[in-house]
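Asker: Here you go, this is coords_34.cif (mmCIF, C-alpha atoms).
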```
data_start
loop_
_atom_site.group_PDB
_atom_site.id
_atom_site.type_symbol
_atom_site.label_atom_id
_atom_site.label_comp_id
_atom_site.auth_asym_id
_atom_site.auth_seq_id
_atom_site.Cartn_x
_atom_site.Cartn_y
_atom_site.Cartn_z
ATOM 1 C CA MET A 1 0.000 0.000 0.000
ATOM 2 C CA ILE A 2 1.341 3.439 -0.895
ATOM 3 C CA PRO A 3 -0.340 6.278 1.019
ATOM 4 C CA ASP A 4 -0.223 9.677 -0.666
ATOM 5 C CA SER A 5 0.287 12.374 1.949
ATOM 6 C CA PHE A 6 0.885 15.144 -0.555
ATOM 7 C CA SER A 7 -1.738 15.203 -3.329
ATOM 8 C CA PRO A 8 -4.782 15.469 -1.016
ATOM 9 C CA ARG A 9 -3.065 18.408 0.700
ATOM 10 C CA SER A 10 -2.046 20.072 -2.587
ATOM 11 C CA VAL A 11 1.658 19.674 -1.807
ATOM 12 C CA VAL A 12 3.563 19.762 -5.078
ATOM 13 C CA ASN A 13 7.160 19.991 -3.896
ATOM 14 C CA ARG A 14 8.081 19.175 -0.298
ATOM 15 C CA CYS A 15 11.795 19.412 -1.015
ATOM 16 C CA ARG A 16 11.932 23.198 -1.301
ATOM 17 C CA TYR A 17 10.429 23.914 2.109
ATOM 18 C CA ASP A 18 12.384 23.934 5.315
ATOM 19 C CA ALA A 19 10.055 22.612 7.963
ATOM 20 C CA GLY A 20 12.946 21.246 9.982
ATOM 21 C CA PRO A 21 14.049 17.647 10.295
ATOM 22 C CA HIS A 22 11.088 16.541 12.401
ATOM 23 C CA ALA A 23 8.168 14.592 11.058
ATOM 24 C CA HIS A 24 4.983 16.356 10.153
ATOM 25 C CA PRO A 25 2.266 14.798 12.361
ATOM 26 C CA THR A 26 -0.215 14.347 9.528
ATOM 27 C CA ARG A 27 2.198 12.157 7.553
ATOM 28 C CA ILE A 28 2.706 9.971 10.591
ATOM 29 C CA LEU A 29 -1.057 9.727 10.985
ATOM 30 C CA ASP A 30 -1.324 8.754 7.306
ATOM 31 C CA ALA A 31 1.075 5.868 7.909
ATOM 32 C CA LEU A 32 -0.830 4.779 11.004
ATOM 33 C CA GLY A 33 -4.114 5.032 9.093
ATOM 34 C CA ALA A 34 -2.729 2.787 6.363
ATOM 35 C CA LEU A 35 -1.564 0.336 9.007
ATOM 36 C CA SER A 36 -4.961 0.389 10.677
ATOM 37 C CA TYR A 37 -6.656 -0.362 7.357
ATOM 38 C CA LEU A 38 -4.247 -3.188 6.493
ATOM 39 C CA ARG A 39 -4.806 -4.785 9.902
ATOM 40 C CA THR A 40 -8.542 -5.106 9.126
ATOM 41 C CA ARG A 41 -7.995 -7.108 5.941
ATOM 42 C CA THR A 42 -8.377 -10.868 6.189
ATOM 43 C CA ASP A 43 -5.778 -11.397 3.427
ATOM 44 C CA ILE A 44 -3.089 -9.586 5.466
ATOM 45 C CA ASP A 45 -1.200 -11.026 8.424
ATOM 46 C CA ALA A 46 -1.518 -8.123 10.871
ATOM 47 C CA THR A 47 1.528 -9.335 12.803
ATOM 48 C CA ARG A 48 3.823 -8.966 9.785
ATOM 49 C CA ILE A 49 3.390 -5.441 8.456
ATOM 50 C CA GLY A 50 6.477 -3.350 7.794
ATOM 51 C CA ILE A 51 6.889 0.223 6.647
ATOM 52 C CA LEU A 52 9.278 1.524 4.003
ATOM 53 C CA GLY A 53 10.094 5.062 2.872
ATOM 54 C CA TRP A 54 12.493 7.304 0.997
ATOM 55 C CA SER A 55 14.022 10.671 1.920
ATOM 56 C CA HIS A 56 11.383 12.815 3.644
ATOM 57 C CA GLY A 57 9.143 9.753 3.930
ATOM 58 C CA ALA A 58 12.015 7.841 5.517
ATOM 59 C CA THR A 59 12.460 10.630 8.055
ATOM 60 C CA MET A 60 8.745 10.405 8.835
ATOM 61 C CA ILE A 61 9.092 6.668 9.383
ATOM 62 C CA LEU A 62 11.946 7.056 11.852
ATOM 63 C CA GLU A 63 9.882 9.585 13.782
ATOM 64 C CA ALA A 64 6.740 7.433 13.689
ATOM 65 C CA VAL A 65 8.409 4.280 15.000
ATOM 66 C CA SER A 66 10.786 5.846 17.524
ATOM 67 C CA ARG A 67 10.040 5.716 21.225
ATOM 68 C CA ARG A 68 9.697 9.515 21.089
ATOM 69 C CA GLY A 69 7.254 9.480 18.179
ATOM 70 C CA ALA A 70 3.881 7.857 17.669
ATOM 71 C CA ALA A 71 5.241 4.576 19.001
ATOM 72 C CA ALA A 72 5.676 6.262 22.383
ATOM 73 C CA GLN A 73 1.949 6.930 22.495
ATOM 74 C CA ILE A 74 0.526 3.741 21.027
ATOM 75 C CA GLY A 75 3.372 1.231 20.904
ATOM 76 C CA SER A 76 5.182 -0.208 17.914
ATOM 77 C CA LEU A 77 2.470 -1.537 15.654
ATOM 78 C CA PHE A 78 4.756 -2.068 12.680
ATOM 79 C CA LYS A 79 6.927 -5.160 12.688
ATOM 80 C CA THR A 80 9.879 -3.499 10.978
ATOM 81 C CA ALA A 81 10.935 -0.250 9.266
ATOM 82 C CA ILE A 82 13.127 0.283 6.190
ATOM 83 C CA THR A 83 14.440 3.703 5.237
ATOM 84 C CA PHE A 84 16.334 5.048 2.232
ATOM 85 C CA TYR A 85 18.425 8.188 2.867
ATOM 86 C CA PRO A 86 16.476 9.670 5.794
ATOM 87 C CA TYR A 87 17.421 12.773 7.717
ATOM 88 C CA CYS A 88 18.386 11.003 10.931
ATOM 89 C CA VAL A 89 17.498 12.741 14.172
ATOM 90 C CA PRO A 90 19.687 11.895 17.176
ATOM 91 C CA ASP A 91 18.446 10.504 20.465
ATOM 92 C CA ARG A 92 15.854 8.205 18.946
ATOM 93 C CA ARG A 93 15.411 4.669 20.248
ATOM 94 C CA PHE A 94 13.439 1.875 18.650
ATOM 95 C CA ASP A 95 11.554 -1.235 19.750
ATOM 96 C CA LEU A 96 11.540 -2.831 16.296
ATOM 97 C CA PRO A 97 14.180 -3.666 13.690
ATOM 98 C CA VAL A 98 15.128 -0.640 11.564
ATOM 99 C CA LEU A 99 17.177 -0.658 8.360
ATOM 100 C CA ILE A 100 18.767 2.631 7.267
ATOM 101 C CA MET A 101 20.485 2.888 3.873
ATOM 102 C CA ILE A 102 22.296 6.080 2.926
ATOM 103 C CA GLY A 103 25.064 7.256 0.615
ATOM 104 C CA GLU A 104 28.266 8.461 2.214
ATOM 105 C CA ALA A 105 28.359 11.389 -0.241
ATOM 106 C CA ASP A 106 24.748 12.421 0.531
ATOM 107 C CA ASP A 107 24.796 16.175 1.123
ATOM 108 C CA TRP A 108 21.018 16.450 1.644
ATOM 109 C CA SER A 109 20.667 13.894 4.441
ATOM 110 C CA PRO A 110 23.993 13.925 6.292
ATOM 111 C CA PRO A 111 25.173 10.334 6.810
ATOM 112 C CA ALA A 112 27.071 11.334 9.970
ATOM 113 C CA ARG A 113 23.720 11.842 11.697
ATOM 114 C CA CYS A 114 22.753 8.270 10.791
ATOM 115 C CA TRP A 115 26.102 6.971 12.056
ATOM 116 C CA ASP A 116 25.358 8.692 15.371
ATOM 117 C CA LEU A 117 21.839 7.274 15.478
ATOM 118 C CA ALA A 118 23.089 3.757 14.763
ATOM 119 C CA ALA A 119 25.806 4.076 17.432
ATOM 120 C CA GLN A 120 23.254 5.223 20.008
ATOM 121 C CA ASN A 121 21.107 2.183 19.213
ATOM 122 C CA LYS A 122 23.967 -0.314 19.084
ATOM 123 C CA PRO A 123 23.186 -1.837 22.499
ATOM 124 C CA SER A 124 19.699 -2.875 21.332
ATOM 125 C CA GLY A 125 20.947 -4.346 18.053
ATOM 126 C CA LEU A 126 17.763 -3.125 16.368
ATOM 127 C CA VAL A 127 19.253 -0.573 13.937
ATOM 128 C CA LYS A 128 21.134 -1.806 10.891
ATOM 129 C CA LEU A 129 22.921 0.955 8.999
ATOM 130 C CA ILE A 130 24.181 0.363 5.462
ATOM 131 C CA THR A 131 26.274 3.149 3.912
ATOM 132 C CA TYR A 132 27.394 3.316 0.315
ATOM 133 C CA PRO A 133 30.753 4.950 -0.502
ATOM 134 C CA ARG A 134 30.537 7.701 -3.135
ATOM 135 C CA ALA A 135 26.725 7.362 -3.321
ATOM 136 C CA PHE A 136 24.517 10.447 -3.185
ATOM 137 C CA HIS A 137 20.888 11.139 -2.292
ATOM 138 C CA ALA A 138 18.471 9.193 -4.523
ATOM 139 C CA PHE A 139 21.106 6.556 -5.271
ATOM 140 C CA ASP A 140 18.348 4.081 -6.172
ATOM 141 C CA LEU A 141 16.521 6.245 -8.734
ATOM 142 C CA MET A 142 17.527 5.381 -12.282
ATOM 143 C CA GLU A 143 15.592 8.434 -13.458
ATOM 144 C CA VAL A 144 18.279 10.776 -12.092
ATOM 145 C CA ALA A 145 20.933 8.930 -14.116
ATOM 146 C CA ASP A 146 24.227 10.837 -14.021
ATOM 147 C CA GLY A 147 22.861 13.255 -11.467
ATOM 148 C CA PHE A 148 21.940 16.897 -11.138
ATOM 149 C CA ALA A 149 21.701 19.610 -8.516
ATOM 150 C CA ALA A 150 18.243 19.614 -6.925
ATOM 151 C CA HIS A 151 16.848 22.726 -5.273
ATOM 152 C CA GLY A 152 16.168 22.298 -1.582
ATOM 153 C CA PRO A 153 15.354 24.402 1.472
ATOM 154 C CA LYS A 154 16.920 27.833 1.984
ATOM 155 C CA GLN A 155 17.786 28.096 -1.728
ATOM 156 C CA MET A 156 20.422 25.384 -1.293
ATOM 157 C CA GLN A 157 21.273 22.862 -3.977
ATOM 158 C CA TYR A 158 21.888 19.190 -3.286
ATOM 159 C CA TRP A 159 23.322 16.567 -5.560
ATOM 160 C CA VAL A 160 21.119 13.581 -6.507
ATOM 161 C CA LYS A 161 22.605 10.762 -8.550
ATOM 162 C CA PHE A 162 21.868 7.155 -9.409
ATOM 163 C CA ASP A 163 24.443 4.633 -8.239
ATOM 164 C CA PRO A 164 23.973 1.186 -9.812
ATOM 165 C CA ARG A 165 26.050 -0.653 -7.200
ATOM 166 C CA ALA A 166 24.232 0.930 -4.278
ATOM 167 C CA TYR A 167 20.905 0.333 -6.014
ATOM 168 C CA GLN A 168 21.596 -3.373 -6.565
ATOM 169 C CA ASP A 169 22.847 -3.842 -3.031
ATOM 170 C CA SER A 170 19.846 -2.006 -1.575
ATOM 171 C CA ILE A 171 17.522 -4.476 -3.308
ATOM 172 C CA PHE A 172 19.480 -7.328 -1.736
ATOM 173 C CA GLN A 173 19.460 -5.629 1.688
ATOM 174 C CA VAL A 174 15.694 -4.979 1.626
ATOM 175 C CA ARG A 175 14.906 -8.568 0.632
ATOM 176 C CA ALA A 176 17.234 -9.989 3.285
ATOM 177 C CA PHE A 177 15.877 -7.672 5.982
ATOM 178 C CA LEU A 178 12.253 -8.491 5.161
ATOM 179 C CA SER A 179 13.052 -12.189 5.006
ATOM 180 C CA GLU A 180 14.667 -12.029 8.430
ATOM 181 C CA HIS A 181 12.076 -9.889 10.175
ATOM 182 C CA LEU A 182 8.788 -10.650 8.422
ATOM 183 C CA ARG A 183 9.171 -14.368 7.811
ATOM 184 C CA ASN A 184 6.471 -16.770 8.825
ATOM 185 C CA PRO A 185 6.700 -17.844 12.458
#
```
Translate the structure of the given file into structure tokens.

Answerer:
Amino acid sequence: MIPDSFSPRSVVNRCRYDAGPHAHPTRILDALGALSYLRTRTDIDATRIGILGWSHGATMILEAVSRRGAAAQIGSLFKTAITFYPYCVPDRRFDLPVLIMIGEADDWSPPARCWDLAAQNKPSGLVKLITYPRAFHAFDLMEVADGFAAHGPKQMQYWVKFDPRAYQDSIFQVRAFLSEHLRNP
């Protein structure tokens, strides 16, 4: 299921606005609404629902499933979370397995923040961080091919570029992570 948090709210370009690194509450509620719907379906195993997101959506996921986010209020209802190049916010703890994949050359979502987040969560063993040398933001999007400067908040420009090696490995990592954490009991 792919919830659309933007079109119903007439959001055309989220990337140009600086609303800070924190999750917008309505996007978190959209994810929880999708989860609630999926849990009512008889063709879905409600105990094996994960959440996956990219960039701003990945940041929303980390906020939604952290002990400081929605999970603090209602508990971790997702079984696992997978994120591609999120803006990692420090001091977040998790009660479910989290996969973070980010390029080491990402200048939009600083990988150092994700390294810090992973280090803080090392004792729990729940956060798996995969970094890709020389990979930029949007490393898995073939559409950006050789890359270009994308306009972001505060009139800044950030480099986005496809990286075939990172892309191929991310497919492997997602499949392995889902197999490990959403397999049949």

Asker: Between atom CA of Ala58 of chain A and atom CA of Tyr87 of chain A, what is the distance, to one decimal in Å?

Answerer: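 We find that atom CA of Ala58 of chain A and atom CA of Tyr87 of chain A lie 7.6 Å from each other.
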
Asker: Env of Gly147 of chain A: 10 Å cut, atoms = only C-alpha atoms, seq-sep filter 4 positions within chain, self excluded. Answer as a list in words.

Answerer: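 In the requested form, the answer reads Phe136, His137, Ala138, Phe139, Leu141, Met142, Glu143, Trp159, Val160, Lys161, Phe162 and Asp163 of chain A.
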
Asker: If I take atom CA of Pro110 of chain A and atom CA of Ala166 of chain A, how far is one from the other in Å, to one decimal?

Answerer: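 Going from atom CA of Pro110 of chain A over to atom CA of Ala166 of chain A covers 16.8 Å.
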
Asker: Might you pull out every residue within 10 Å of segment 125-135 of chain A, with only C-alpha atoms counted and same-chain residues fewer than 3 positions away left off, and present them as number ranges by chain?

Answerer: A: 80-85, 93-106, 111, 114-115, 117-122, 138-140, 160-167, 169-170, 173, 177

Asker: Using the chain letters and numbers from the file, give me the residues hit by the PyMOL selection byres ((chain A and resi 35) around 10), as a PDB file with C-alpha atoms, keeping the file's coordinate frame.

Answerer:
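Output saved as part_21.pdb:
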```pdb
ATOM      1  CA  MET A   1       0.000   0.000   0.000  1.00  0.00           C
ATOM      2  CA  LEU A  29      -1.057   9.727  10.985  1.00  0.00           C
ATOM      3  CA  ASP A  30      -1.324   8.754   7.306  1.00  0.00           C
ATOM      4  CA  ALA A  31       1.075   5.868   7.909  1.00  0.00           C
ATOM      5  CA  LEU A  32      -0.830   4.779  11.004  1.00  0.00           C
ATOM      6  CA  GLY A  33      -4.114   5.032   9.093  1.00  0.00           C
ATOM      7  CA  ALA A  34      -2.729   2.787   6.363  1.00  0.00           C
ATOM      8  CA  SER A  36      -4.961   0.389  10.677  1.00  0.00           C
ATOM      9  CA  TYR A  37      -6.656  -0.362   7.357  1.00  0.00           C
ATOM     10  CA  LEU A  38      -4.247  -3.188   6.493  1.00  0.00           C
ATOM     11  CA  ARG A  39      -4.806  -4.785   9.902  1.00  0.00           C
ATOM     12  CA  THR A  40      -8.542  -5.106   9.126  1.00  0.00           C
ATOM     13  CA  ALA A  46      -1.518  -8.123  10.871  1.00  0.00           C
ATOM     14  CA  ILE A  49       3.390  -5.441   8.456  1.00  0.00           C
ATOM     15  CA  GLY A  50       6.477  -3.350   7.794  1.00  0.00           C
ATOM     16  CA  ILE A  51       6.889   0.223   6.647  1.00  0.00           C
ATOM     17  CA  LEU A  77       2.470  -1.537  15.654  1.00  0.00           C
ATOM     18  CA  PHE A  78       4.756  -2.068  12.680  1.00  0.00           C
TER      19      PHE A  78
END
```

Asker: Using all atoms of segment 73-88 of chain A that appear in the file, construct an axis-aligned enclosing box with 6 Å of padding on every side and provide its centre coordinates and edge lengths in Å, rounded to one decimal, as lines of an AutoDock Vina configuration file.

Answerer:
```
center_x = 9.5
center_y = 3.8
center_z = 12.4
size_x = 29.9
size_y = 29.9
size_z = 32.3
```

Asker: Select, counting only C-alpha atoms, all protein, DNA and RNA residues no farther than 12 Å from (1.2, -16.4, 9.9) in file coordinates, and express the selection as a list in words.

Answerer: Thr42, Asp43, Ile44, Asp45, Ala46, Thr47, Arg48, Ile49, Leu182, Arg183, Asn184 and Pro185 of chain A

Asker: Using C-alpha atoms, can you write the selected residues to a file as a JSON list (two decimals), keeping the file's coordinate frame?

Answerer:
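The file below, result_22.json, is the result:
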```
[["chain", "number", "residue", "atom", "x", "y", "z"],
["A", 42, "THR", "CA", -8.38, -10.87, 6.19],
["A", 43, "ASP", "CA", -5.78, -11.40, 3.43],
["A", 44, "ILE", "CA", -3.09, -9.59, 5.47],
["A", 45, "ASP", "CA", -1.20, -11.03, 8.42],
["A", 46, "ALA", "CA", -1.52, -8.12, 10.87],
["A", 47, "THR", "CA", 1.53, -9.34, 12.80],
["A", 48, "ARG", "CA", 3.82, -8.97, 9.78],
["A", 49, "ILE", "CA", 3.39, -5.44, 8.46],
["A", 182, "LEU", "CA", 8.79, -10.65, 8.42],
["A", 183, "ARG", "CA", 9.17, -14.37, 7.81],
["A", 184, "ASN", "CA", 6.47, -16.77, 8.82],
["A", 185, "PRO", "CA", 6.70, -17.84, 12.46]]
```

Asker: Mind giving me the straight-line distance from atom CA of Ala112 of chain A to atom CA of Ser179 of chain A in Å, one decimal?

Answerer: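 So the answer is 27.8 Å.
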